[in-house]
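Below: the structure, in structure tokens.
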Amino acid sequence: MAGRTRVFYQENPRKVIVEKDGNPIAIYNSVEELVEHHIKGILARDQQEAERVKKVYQQTRERDDS
């Protein structure tokens, strides 16, 4: 069975908590902060993927040129 992930709100102090398998993995001061971090993570992942594709493309061209 896959692990359980959930997001919930804590009232005092006000926090947004992301929990995986019963353990907090991230705590944010607001939903906006959670969304901001999520977007930054997606952009970083996309940039890393673009760099990997570029590297493979360059390696393929180098082999084709030799």
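Just so we're on the same page: first chain in the structure tokens is A, next is B, and so on; residues restart at 1 for each chain, and ligands are numbered from 1 in the order they show up.
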
Go through stretch 11-54 of chain A and collect every residue that DSSP, computed from the backbone, puts in strand (DSSP E or B); the answer should be as number ranges by chain. A: 15-20, 23-28

Output all heavy atoms for every residue in the selection just made, as a tab-separated table (two decimals), in the first residue's frame.
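File produced: result22.tsv:
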chain	number	residue	atom	x	y	z
A	15	LYS	N	-0.54	27.57	10.72
A	15	LYS	CA	0.44	26.94	9.83
A	15	LYS	C	-0.27	26.04	8.84
A	15	LYS	O	-1.39	25.58	9.08
A	15	LYS	CB	1.44	26.08	10.62
A	15	LYS	CG	2.24	26.82	11.67
A	15	LYS	CD	3.30	27.69	11.05
A	15	LYS	CE	4.08	28.40	12.13
A	15	LYS	NZ	5.02	29.35	11.63
A	16	VAL	N	0.39	25.77	7.73
A	16	VAL	CA	-0.06	24.77	6.75
A	16	VAL	C	0.98	23.66	6.82
A	16	VAL	O	2.17	23.90	6.64
A	16	VAL	CB	-0.14	25.36	5.33
A	16	VAL	CG1	-0.58	24.29	4.34
A	16	VAL	CG2	-1.09	26.55	5.30
A	17	ILE	N	0.52	22.45	7.09
A	17	ILE	CA	1.43	21.33	7.31
A	17	ILE	C	1.22	20.27	6.23
A	17	ILE	O	0.08	19.87	5.96
A	17	ILE	CB	1.23	20.73	8.71
A	17	ILE	CG1	1.47	21.82	9.76
A	17	ILE	CG2	2.14	19.52	8.93
A	17	ILE	CD1	1.12	21.44	11.17
A	18	VAL	N	2.33	19.82	5.65
A	18	VAL	CA	2.30	18.72	4.70
A	18	VAL	C	2.86	17.51	5.45
A	18	VAL	O	3.94	17.58	6.03
A	18	VAL	CB	3.15	19.01	3.44
A	18	VAL	CG1	3.11	17.83	2.48
A	18	VAL	CG2	2.68	20.29	2.77
A	19	GLU	N	2.11	16.44	5.43
A	19	GLU	CA	2.45	15.27	6.22
A	19	GLU	C	2.52	14.04	5.31
A	19	GLU	O	1.70	13.87	4.42
A	19	GLU	CB	1.37	15.09	7.28
A	19	GLU	CG	1.65	14.06	8.32
A	19	GLU	CD	0.55	14.04	9.36
A	19	GLU	OE1	-0.44	13.32	9.14
A	19	GLU	OE2	0.66	14.77	10.36
A	20	LYS	N	3.52	13.20	5.51
A	20	LYS	CA	3.67	11.94	4.76
A	20	LYS	C	3.80	10.81	5.76
A	20	LYS	O	4.66	10.84	6.64
A	20	LYS	CB	4.92	12.02	3.87
A	20	LYS	CG	5.32	10.75	3.20
A	20	LYS	CD	4.67	10.64	1.87
A	20	LYS	CE	5.23	9.42	1.14
A	20	LYS	NZ	4.32	8.87	0.22
A	23	ASN	N	4.12	11.79	9.38
A	23	ASN	CA	5.24	12.64	9.78
A	23	ASN	C	5.24	13.95	9.00
A	23	ASN	O	5.14	13.93	7.77
A	23	ASN	CB	6.58	11.92	9.52
A	23	ASN	CG	6.68	10.64	10.31
A	23	ASN	OD1	6.49	10.64	11.52
A	23	ASN	ND2	6.97	9.55	9.63
A	24	PRO	N	5.37	15.09	9.70
A	24	PRO	CA	5.43	16.36	8.97
A	24	PRO	C	6.69	16.41	8.10
A	24	PRO	O	7.78	16.10	8.57
A	24	PRO	CB	5.50	17.42	10.07
A	24	PRO	CG	5.32	16.71	11.36
A	24	PRO	CD	5.46	15.25	11.13
A	25	ILE	N	6.51	16.76	6.83
A	25	ILE	CA	7.67	16.90	5.94
A	25	ILE	C	7.90	18.34	5.52
A	25	ILE	O	8.98	18.68	5.05
A	25	ILE	CB	7.56	15.99	4.70
A	25	ILE	CG1	6.30	16.30	3.90
A	25	ILE	CG2	7.60	14.53	5.11
A	25	ILE	CD1	6.23	15.59	2.56
A	26	ALA	N	6.89	19.19	5.72
A	26	ALA	CA	7.03	20.62	5.42
A	26	ALA	C	5.98	21.39	6.21
A	26	ALA	O	4.85	20.93	6.38
A	26	ALA	CB	6.86	20.88	3.93
A	27	ILE	N	6.39	22.57	6.68
A	27	ILE	CA	5.48	23.44	7.43
A	27	ILE	C	5.61	24.85	6.84
A	27	ILE	O	6.72	25.36	6.70
A	27	ILE	CB	5.82	23.46	8.93
A	27	ILE	CG1	5.70	22.04	9.50
A	27	ILE	CG2	4.91	24.43	9.68
A	27	ILE	CD1	6.19	21.90	10.94
A	28	TYR	N	4.47	25.42	6.47
A	28	TYR	CA	4.45	26.74	5.85
A	28	TYR	C	3.62	27.69	6.69
A	28	TYR	O	2.70	27.29	7.39
A	28	TYR	CB	3.85	26.64	4.44
A	28	TYR	CG	4.63	25.71	3.54
A	28	TYR	CD1	4.20	24.40	3.35
A	28	TYR	CD2	5.78	26.12	2.90
A	28	TYR	CE1	4.92	23.52	2.53
A	28	TYR	CE2	6.50	25.26	2.09
A	28	TYR	CZ	6.06	23.96	1.91
A	28	TYR	OH	6.77	23.12	1.12

Going by DSSP on the backbone, which residues of chain A come out as alpha helix (DSSP H)? List them as number ranges by chain. A: 31-65

With C-alpha atoms retained, could you export that selection as an mmCIF file, in the first residue's frame?
data_model
loop_
_atom_site.group_PDB
_atom_site.id
_atom_site.type_symbol
_atom_site.label_atom_id
_atom_site.label_comp_id
_atom_site.auth_asym_id
_atom_site.auth_seq_id
_atom_site.Cartn_x
_atom_site.Cartn_y
_atom_site.Cartn_z
ATOM 1 C CA VAL A 31 -1.092 28.573 1.596
ATOM 2 C CA GLU A 32 0.603 31.202 -0.550
ATOM 3 C CA GLU A 33 4.000 30.149 0.812
ATOM 4 C CA LEU A 34 3.228 26.482 0.085
ATOM 5 C CA VAL A 35 2.207 27.316 -3.501
ATOM 6 C CA GLU A 36 5.293 29.504 -4.017
ATOM 7 C CA HIS A 37 7.614 26.693 -2.896
ATOM 8 C CA HIS A 38 5.749 24.167 -5.033
ATOM 9 C CA ILE A 39 6.088 26.336 -8.146
ATOM 10 C CA LYS A 40 9.799 26.919 -7.466
ATOM 11 C CA GLY A 41 10.288 23.168 -7.117
ATOM 12 C CA ILE A 42 8.560 22.494 -10.425
ATOM 13 C CA LEU A 43 10.652 25.148 -12.180
ATOM 14 C CA ALA A 44 13.883 23.738 -10.702
ATOM 15 C CA ARG A 45 12.936 20.207 -11.771
ATOM 16 C CA ASP A 46 12.092 21.422 -15.280
ATOM 17 C CA GLN A 47 15.444 23.243 -15.502
ATOM 18 C CA GLN A 48 17.319 20.123 -14.378
ATOM 19 C CA GLU A 49 15.482 18.047 -16.969
ATOM 20 C CA ALA A 50 16.304 20.583 -19.684
ATOM 21 C CA GLU A 51 19.987 20.425 -18.722
ATOM 22 C CA ARG A 52 19.958 16.597 -18.875
ATOM 23 C CA VAL A 53 18.340 16.636 -22.328
ATOM 24 C CA LYS A 54 20.874 19.211 -23.541
ATOM 25 C CA LYS A 55 23.771 17.079 -22.263
ATOM 26 C CA VAL A 56 22.467 13.918 -23.975
ATOM 27 C CA TYR A 57 21.919 15.848 -27.207
ATOM 28 C CA GLN A 58 25.477 17.228 -27.102
ATOM 29 C CA GLN A 59 26.947 13.776 -26.413
ATOM 30 C CA THR A 60 24.982 12.314 -29.338
ATOM 31 C CA ARG A 61 26.215 15.049 -31.682
ATOM 32 C CA GLU A 62 29.815 14.511 -30.563
ATOM 33 C CA ARG A 63 29.546 10.790 -31.393
ATOM 34 C CA ASP A 64 27.933 11.535 -34.746
ATOM 35 C CA ASP A 65 30.686 14.010 -35.623
#

Selection: 10 Å around A:Asp21, only C-alpha atoms, excl. self and same-chain fewer than 6 positions, as a ChimeraX atom specification: /A:2-6
